[in-house]
Amino acid sequence: ARCIVCVLLVVLYLTPCLTEEEAQKKNWSSAKDNSDKHTTGRIIGDVIRVVDEDDGKPYYAQIRGFVQDQYCEKSAALTWLIPTQASPTDHFDPGTYIFDMLKIFWVNICLQWLYIPLQDYVLSPPKTYAKSLQVVDLTALKDIEHQACLCKSTMGRWTRTQLLTQMCYETMVAMQASDVNPSAFETSIDILLNGFVTGRNYEQVAQAFLLLRHCPLKVRFVTFRADSLALKQLFYVLRLAEPESITKLEVVHNVPLEATHLEVLLSRVEFPKLQSLTLPAGALDVRRLGADDDDLLATIGSLLAQLGNLTELYVGFSTLTGHVRRLLCPLNTPLKCLELANCCLNRVDMTYLANSLHSEALVHLDLSGHDIFSSFSTAFHKLLSRCSATLTTLILEECDIKDEHLTTLTNALSPCQGLEELKLLGNPLSAVSLRRLFSTLSTGFPQLRYIEVPAPRECYAEDVAYPLEEAVLLNYNRDLFQQTRDQLMGILERAGRGGVEVCTPLMGSYDPDITETSNELGVSMLKSFNSVIGNFIGTITDVDTRRSQAQRGNENSW
């Protein structure tokens, strides 16, 4: 998560620690036109000294800006300067302080410092005016792979959910004290959050939602991600989470959600604002549908159509052979994001998709895991042509795109000049074909900024088969790979496109949610595996028992 810079508004009666000339020498002062010097004697960039009323210790900060409220009271926005061990205690030495907190502060601690004062705000009496804070929006916090802080770790979505729901419970406990300020009972603050619920924090999240009506801090899930939950837990916590306010629902990995369960969920729980829906692998599997379930996908499609704001649907690793039309045809709102990776599509599915109302609105399209050019090349070409005006992200991983398909691929891509991201991992393309592809991409596609390319085919042994197994995935010629990468980057740079990011994440792209909960995910998968093995062994044991009983029965009859 991005480091949160601590900012405090203070009344401008403070004494600067540096003169203007000294501040300019340190390159800490801004231009004079960004000042309030005519009324306060301060300019942006001044370093000021603040003395703590409790411990009497001095603290130093730099003025970042000026504000004036409706009562004409002037305040300054400050960025605190962080002392080091070399900082003197009796005077200010700017060379011993750190201005950029990314170099010193830990992201996890920073975010805790952001959250904990919310509880203090509720429980403490108002200082001057009545409490006016009504909404705290934390949905813009993003998780990144490489942290600039010393701890190299984040407070991810799961931990943020855990901390905030725990804080809500602790606030309710604190309000039971006899000395709590009466203003606490009159305070109501909505905390907008991207929630993440797993089996590990399920009880705490459910408890926070049960107390929602009475707690001044009210957690509101704008997006909801569920993993490693039983179906009963999923349905229960969704109802508690006020689903009418959820805009994005992700049910992933270790949630045993299937088509019949999805029908119950969509028919009994209303999601009027839902814009994005992600289903776990195998949730929609036509092979499991019986004779009485022929219309189940059409029913689910009709229920999806009732979600008038739905524009994103991710159903990767479901089996939809010949049934895509039943699922998507009822939708009246065209989808902008569609993931059909490894869904075993056939020519009928692609023909429908290429001619559907969704084809002219697609912004994000994932068709990974399909033999595109051998199975439905014409329909694929038509699909890209129809969505060329809107498409920005195209994912074609493990689609068996070979050297002989390169011309067909570039012809299909040529109308999509607004493309921003192209992902081609897992395809057996040679270094020569990759250079040809990059030459084509560098002469057009002005919006392109990110490409995922496979390791060239010749980097692996001649007898390997695609898609590559994990055992051989990382066993490639690194020198040849680096040489090819340098050539590809050279093509982009000579065309003035050196800003395009090129990478080869062989083990998959960074997923902050999986990274944060990988231990729990691994345990859940291990339990599922043990359960399957146990059922298999139990079945074999039952068969052996019945066989032994039958043999003994035959012997007795003789």
# chains A, B, ... in the order shown; residues from 1 in each chain; ligands from 1

$ select_by_dssp --residues "range 222-377 of chain A" --states "alpha helix (DSSP H)" --output "ChimeraX atom specification"
/A:231-240,259-268,296-305,324-328,347-355,372-375,377

$ select_by_dssp --residues "range 276-511 of chain A" --states "strand (DSSP E)" --output "VMD selection string"
chain A and resid 276 to 278 312 to 314 337 to 339 364 to 366 393 to 395 421 to 423 450 to 452 501 to 503

$ residues_around --residues "Cys387 in chain A" --least-positions-apart "2" --cutoff "8 Å" --atoms "only C-alpha atoms" --output "ChimeraX atom specification"
/A:359-363,383-385,389-391,416

$ closest_residue --among "A:Gly444, A:Pro415, A:Pro456, A:Gly156" --to "Asn427 in chain A" --atoms "only C-alpha atoms"
A:Pro456

$ residues_around --residues "Tyr121 in chain A" --least-positions-apart "5" --cutoff "9 Å" --atoms "only C-alpha atoms" --output "PDB file with all heavy atoms, in the first residue's frame"
ATOM      1  N   ILE A 116      -6.007   4.166  13.701  1.00  0.00           N
ATOM      2  CA  ILE A 116      -6.235   4.238  15.144  1.00  0.00           C
ATOM      3  C   ILE A 116      -6.794   5.588  15.587  1.00  0.00           C
ATOM      4  O   ILE A 116      -7.669   5.642  16.465  1.00  0.00           O
ATOM      5  CB  ILE A 116      -4.938   3.881  15.903  1.00  0.00           C
ATOM      6  CG1 ILE A 116      -4.591   2.407  15.648  1.00  0.00           C
ATOM      7  CG2 ILE A 116      -5.070   4.157  17.390  1.00  0.00           C
ATOM      8  CD1 ILE A 116      -3.277   1.959  16.230  1.00  0.00           C
ATOM      9  N   PRO A 126     -15.167  16.860  21.518  1.00  0.00           N
ATOM     10  CA  PRO A 126     -14.741  17.821  20.499  1.00  0.00           C
ATOM     11  C   PRO A 126     -13.930  18.943  21.121  1.00  0.00           C
ATOM     12  O   PRO A 126     -14.248  19.419  22.216  1.00  0.00           O
ATOM     13  CB  PRO A 126     -16.071  18.322  19.916  1.00  0.00           C
ATOM     14  CG  PRO A 126     -17.085  18.051  20.987  1.00  0.00           C
ATOM     15  CD  PRO A 126     -16.628  16.823  21.697  1.00  0.00           C
ATOM     16  N   LYS A 131     -18.106  17.702  16.068  1.00  0.00           N
ATOM     17  CA  LYS A 131     -17.480  16.735  15.168  1.00  0.00           C
ATOM     18  C   LYS A 131     -18.207  16.728  13.827  1.00  0.00           C
ATOM     19  O   LYS A 131     -19.424  16.594  13.783  1.00  0.00           O
ATOM     20  CB  LYS A 131     -17.500  15.342  15.782  1.00  0.00           C
ATOM     21  CG  LYS A 131     -16.710  15.236  17.090  1.00  0.00           C
ATOM     22  CD  LYS A 131     -16.813  13.840  17.684  1.00  0.00           C
ATOM     23  CE  LYS A 131     -16.052  13.744  18.992  1.00  0.00           C
ATOM     24  NZ  LYS A 131     -16.156  12.394  19.597  1.00  0.00           N
ATOM     25  N   ALA A 184     -19.674  10.655  21.687  1.00  0.00           N
ATOM     26  CA  ALA A 184     -19.382   9.399  20.990  1.00  0.00           C
ATOM     27  C   ALA A 184     -20.657   8.736  20.491  1.00  0.00           C
ATOM     28  O   ALA A 184     -20.663   8.106  19.425  1.00  0.00           O
ATOM     29  CB  ALA A 184     -18.609   8.456  21.909  1.00  0.00           C
TER      30      ALA A 184
END

$ closest_atom_pairs --of "range 383-480 of chain A" --to "range 484-496 of chain A" --cutoff "12 Å" --atoms "only C-alpha atoms" --output "Markdown table"
| residue | atom | partner | partner_atom | distance |
| --- | --- | --- | --- | --- |
| A:Leu429 | CA | A:Thr484 | CA | 11.9 |
| A:Ser430 | CA | A:Thr484 | CA | 9.7 |
| A:Ala431 | CA | A:Thr484 | CA | 6.3 |
| A:Val432 | CA | A:Thr484 | CA | 9.0 |
| A:Ser433 | CA | A:Leu488 | CA | 10.8 |
| A:Leu434 | CA | A:Leu488 | CA | 7.6 |
| A:Arg435 | CA | A:Leu488 | CA | 6.0 |
| A:Arg436 | CA | A:Leu488 | CA | 9.3 |
| A:Leu437 | CA | A:Leu488 | CA | 9.3 |
| A:Phe438 | CA | A:Leu488 | CA | 6.5 |
| A:Ser439 | CA | A:Ile491 | CA | 6.5 |
| A:Thr440 | CA | A:Ile491 | CA | 9.9 |
| A:Leu441 | CA | A:Leu492 | CA | 8.5 |
| A:Ser442 | CA | A:Leu492 | CA | 5.8 |
| A:Thr443 | CA | A:Ala495 | CA | 7.1 |
| A:Gly444 | CA | A:Ala495 | CA | 9.9 |
| A:Phe445 | CA | A:Ala495 | CA | 11.9 |
| A:Pro446 | CA | A:Gly496 | CA | 10.6 |
| A:Leu448 | CA | A:Leu492 | CA | 11.1 |
| A:Arg449 | CA | A:Leu492 | CA | 11.0 |
| A:Tyr450 | CA | A:Leu492 | CA | 11.9 |
| A:Ile451 | CA | A:Leu488 | CA | 11.0 |
| A:Glu452 | CA | A:Arg485 | CA | 11.4 |
| A:Val453 | CA | A:Arg485 | CA | 9.3 |
| A:Pro454 | CA | A:Arg485 | CA | 10.2 |
| A:Ala455 | CA | A:Thr484 | CA | 8.8 |
| A:Pro456 | CA | A:Thr484 | CA | 7.8 |
| A:Arg457 | CA | A:Thr484 | CA | 11.1 |
| A:Glu458 | CA | A:Thr484 | CA | 10.5 |
| A:Cys459 | CA | A:Thr484 | CA | 9.8 |
| A:Asn477 | CA | A:Thr484 | CA | 10.8 |
| A:Arg478 | CA | A:Thr484 | CA | 9.8 |
| A:Asp479 | CA | A:Thr484 | CA | 8.7 |
| A:Leu480 | CA | A:Thr484 | CA | 6.2 |

$ write_last_selection --atoms "N, CA, C and O atoms" --output "short mmCIF file (atom, residue, chain, number, x, y, z; two decimals), in the first residue's frame"
data_model
loop_
_atom_site.label_atom_id
_atom_site.label_comp_id
_atom_site.auth_asym_id
_atom_site.auth_seq_id
_atom_site.Cartn_x
_atom_site.Cartn_y
_atom_site.Cartn_z
N LEU A 429 6.53 -19.22 -29.41
CA LEU A 429 7.04 -18.30 -30.43
C LEU A 429 8.56 -18.25 -30.36
O LEU A 429 9.14 -18.19 -29.28
N SER A 430 9.19 -18.23 -31.51
CA SER A 430 10.65 -18.16 -31.57
C SER A 430 11.11 -16.72 -31.41
O SER A 430 10.33 -15.77 -31.48
N ALA A 431 12.41 -16.55 -31.24
CA ALA A 431 12.99 -15.21 -31.11
C ALA A 431 12.76 -14.40 -32.39
O ALA A 431 12.50 -13.19 -32.34
N VAL A 432 12.85 -15.04 -33.54
CA VAL A 432 12.64 -14.34 -34.81
C VAL A 432 11.21 -13.81 -34.88
O VAL A 432 10.96 -12.66 -35.27
N SER A 433 10.24 -14.62 -34.49
CA SER A 433 8.83 -14.20 -34.52
C SER A 433 8.57 -13.07 -33.52
O SER A 433 7.81 -12.14 -33.80
N LEU A 434 9.20 -13.16 -32.36
CA LEU A 434 9.03 -12.09 -31.37
C LEU A 434 9.60 -10.77 -31.90
O LEU A 434 9.00 -9.70 -31.68
N ARG A 435 10.72 -10.82 -32.59
CA ARG A 435 11.28 -9.59 -33.16
C ARG A 435 10.36 -9.02 -34.23
O ARG A 435 10.16 -7.80 -34.32
N ARG A 436 9.77 -9.89 -35.04
CA ARG A 436 8.82 -9.42 -36.06
C ARG A 436 7.59 -8.80 -35.40
O ARG A 436 7.09 -7.76 -35.85
N LEU A 437 7.11 -9.43 -34.34
CA LEU A 437 5.95 -8.91 -33.63
C LEU A 437 6.25 -7.53 -33.05
O LEU A 437 5.44 -6.60 -33.18
N PHE A 438 7.40 -7.37 -32.42
CA PHE A 438 7.75 -6.08 -31.82
C PHE A 438 7.96 -5.01 -32.88
O PHE A 438 7.67 -3.83 -32.63
N SER A 439 8.47 -5.40 -34.03
CA SER A 439 8.61 -4.42 -35.12
C SER A 439 7.24 -3.89 -35.54
O SER A 439 7.07 -2.69 -35.80
N THR A 440 6.25 -4.78 -35.58
CA THR A 440 4.89 -4.36 -35.93
C THR A 440 4.30 -3.48 -34.84
O THR A 440 3.68 -2.45 -35.11
N LEU A 441 4.48 -3.90 -33.59
CA LEU A 441 3.91 -3.14 -32.47
C LEU A 441 4.55 -1.77 -32.34
O LEU A 441 3.88 -0.80 -31.94
N SER A 442 5.83 -1.65 -32.65
CA SER A 442 6.53 -0.38 -32.46
C SER A 442 6.17 0.66 -33.53
O SER A 442 6.35 1.86 -33.30
N THR A 443 5.66 0.21 -34.66
CA THR A 443 5.30 1.15 -35.73
C THR A 443 3.87 1.64 -35.63
O THR A 443 3.47 2.53 -36.39
N GLY A 444 3.10 1.08 -34.75
CA GLY A 444 1.71 1.50 -34.54
C GLY A 444 1.39 1.43 -33.07
O GLY A 444 2.27 1.58 -32.21
N PHE A 445 0.12 1.25 -32.74
CA PHE A 445 -0.32 1.05 -31.37
C PHE A 445 0.27 2.12 -30.43
O PHE A 445 1.05 1.82 -29.52
N PRO A 446 -0.09 3.37 -30.63
CA PRO A 446 0.52 4.47 -29.87
C PRO A 446 0.24 4.43 -28.38
O PRO A 446 0.98 5.03 -27.60
N LEU A 448 0.14 1.65 -26.51
CA LEU A 448 0.70 0.45 -25.90
C LEU A 448 1.75 0.81 -24.85
O LEU A 448 2.67 1.58 -25.11
N ARG A 449 1.59 0.24 -23.65
CA ARG A 449 2.52 0.55 -22.55
C ARG A 449 2.99 -0.69 -21.80
O ARG A 449 3.91 -0.60 -20.98
N TYR A 450 2.41 -1.87 -22.07
CA TYR A 450 2.78 -3.05 -21.29
C TYR A 450 2.64 -4.29 -22.16
O TYR A 450 1.59 -4.51 -22.77
N ILE A 451 3.71 -5.11 -22.21
CA ILE A 451 3.69 -6.35 -23.00
C ILE A 451 4.29 -7.47 -22.14
O ILE A 451 5.36 -7.32 -21.56
N GLU A 452 3.57 -8.59 -22.09
CA GLU A 452 4.12 -9.80 -21.49
C GLU A 452 4.45 -10.77 -22.60
O GLU A 452 3.56 -11.20 -23.34
N VAL A 453 5.73 -11.10 -22.72
CA VAL A 453 6.18 -11.98 -23.81
C VAL A 453 6.67 -13.30 -23.22
O VAL A 453 7.18 -13.34 -22.11
N PRO A 454 6.51 -14.38 -23.96
CA PRO A 454 7.02 -15.67 -23.49
C PRO A 454 8.53 -15.75 -23.70
O PRO A 454 9.11 -15.01 -24.50
N ALA A 455 9.16 -16.66 -22.98
CA ALA A 455 10.54 -16.98 -23.28
C ALA A 455 10.57 -17.64 -24.65
O ALA A 455 9.71 -18.49 -24.95
N PRO A 456 11.50 -17.25 -25.54
CA PRO A 456 11.53 -17.82 -26.90
C PRO A 456 11.56 -19.34 -26.89
O PRO A 456 12.11 -19.97 -25.98
N ARG A 457 10.95 -19.91 -27.91
CA ARG A 457 10.85 -21.37 -28.01
C ARG A 457 12.21 -22.04 -27.94
O ARG A 457 12.35 -23.09 -27.30
N GLU A 458 13.24 -21.44 -28.53
CA GLU A 458 14.57 -22.07 -28.56
C GLU A 458 15.29 -21.99 -27.22
O GLU A 458 16.37 -22.58 -27.07
N CYS A 459 14.71 -21.30 -26.24
CA CYS A 459 15.31 -21.27 -24.91
C CYS A 459 15.07 -22.58 -24.15
O CYS A 459 15.68 -22.81 -23.11
N ASN A 477 17.24 -21.37 -21.17
CA ASN A 477 18.55 -20.77 -21.44
C ASN A 477 18.48 -19.27 -21.12
O ASN A 477 17.97 -18.48 -21.90
N ARG A 478 19.00 -18.89 -19.97
CA ARG A 478 18.88 -17.51 -19.52
C ARG A 478 19.71 -16.55 -20.36
O ARG A 478 19.31 -15.39 -20.57
N ASP A 479 20.85 -16.98 -20.83
CA ASP A 479 21.68 -16.10 -21.67
C ASP A 479 20.97 -15.79 -22.98
O ASP A 479 20.94 -14.62 -23.42
N LEU A 480 20.41 -16.80 -23.61
CA LEU A 480 19.70 -16.59 -24.87
C LEU A 480 18.45 -15.74 -24.64
O LEU A 480 18.11 -14.87 -25.47
#

$ closest_atom_pairs --of "range 302-322 of chain A" --to "range 266-278 of chain A" --cutoff "8 Å" --atoms "only C-alpha atoms" --output "tab-separated table"
residue	atom	partner	partner_atom	distance
A:Leu303	CA	A:Leu266	CA	6.3
A:Leu304	CA	A:Leu266	CA	7.6
A:Leu307	CA	A:Pro272	CA	6.1
A:Gly308	CA	A:Pro272	CA	7.3
A:Asn309	CA	A:Gln275	CA	5.1
A:Leu310	CA	A:Gln275	CA	4.0
A:Thr311	CA	A:Gln275	CA	5.5
A:Glu312	CA	A:Ser276	CA	4.4
A:Leu313	CA	A:Leu277	CA	5.1
A:Tyr314	CA	A:Thr278	CA	4.6
A:Val315	CA	A:Thr278	CA	6.2

$ closest_residue --among "A:Leu424, A:Ala230, A:Val51, A:Val286" --to "Val251 in chain A" --atoms "only C-alpha atoms"
A:Ala230

$ atom_distance --atom1 "CA of Glu397 in chain A" --atom2 "CA of Ser368 in chain A"
4.5 Å

$ residues_around --residues "Arg326 in chain A" --least-positions-apart "6" --cutoff "10 Å" --atoms "only C-alpha atoms" --output "PDB file with C-alpha atoms, in the first residue's frame"
ATOM      1  CA  ASP A 294     -30.566 -27.687 -19.134  1.00  0.00           C
ATOM      2  CA  ASP A 295     -31.941 -24.207 -18.580  1.00  0.00           C
ATOM      3  CA  LEU A 296     -29.821 -23.417 -15.507  1.00  0.00           C
ATOM      4  CA  LEU A 297     -27.263 -21.302 -17.396  1.00  0.00           C
ATOM      5  CA  ALA A 298     -30.076 -19.407 -19.117  1.00  0.00           C
ATOM      6  CA  THR A 299     -31.649 -18.806 -15.698  1.00  0.00           C
ATOM      7  CA  ILE A 300     -28.332 -17.523 -14.354  1.00  0.00           C
ATOM      8  CA  GLY A 301     -28.047 -15.306 -17.432  1.00  0.00           C
ATOM      9  CA  SER A 302     -31.489 -13.863 -16.723  1.00  0.00           C
ATOM     10  CA  LEU A 320     -18.860 -23.562 -21.000  1.00  0.00           C
ATOM     11  CA  ASP A 349     -19.231 -19.964 -28.702  1.00  0.00           C
TER      12      ASP A 349
END

$ atom_distance --atom1 "CA of Val264 in chain A" --atom2 "CA of Glu520 in chain A"
27.3 Å
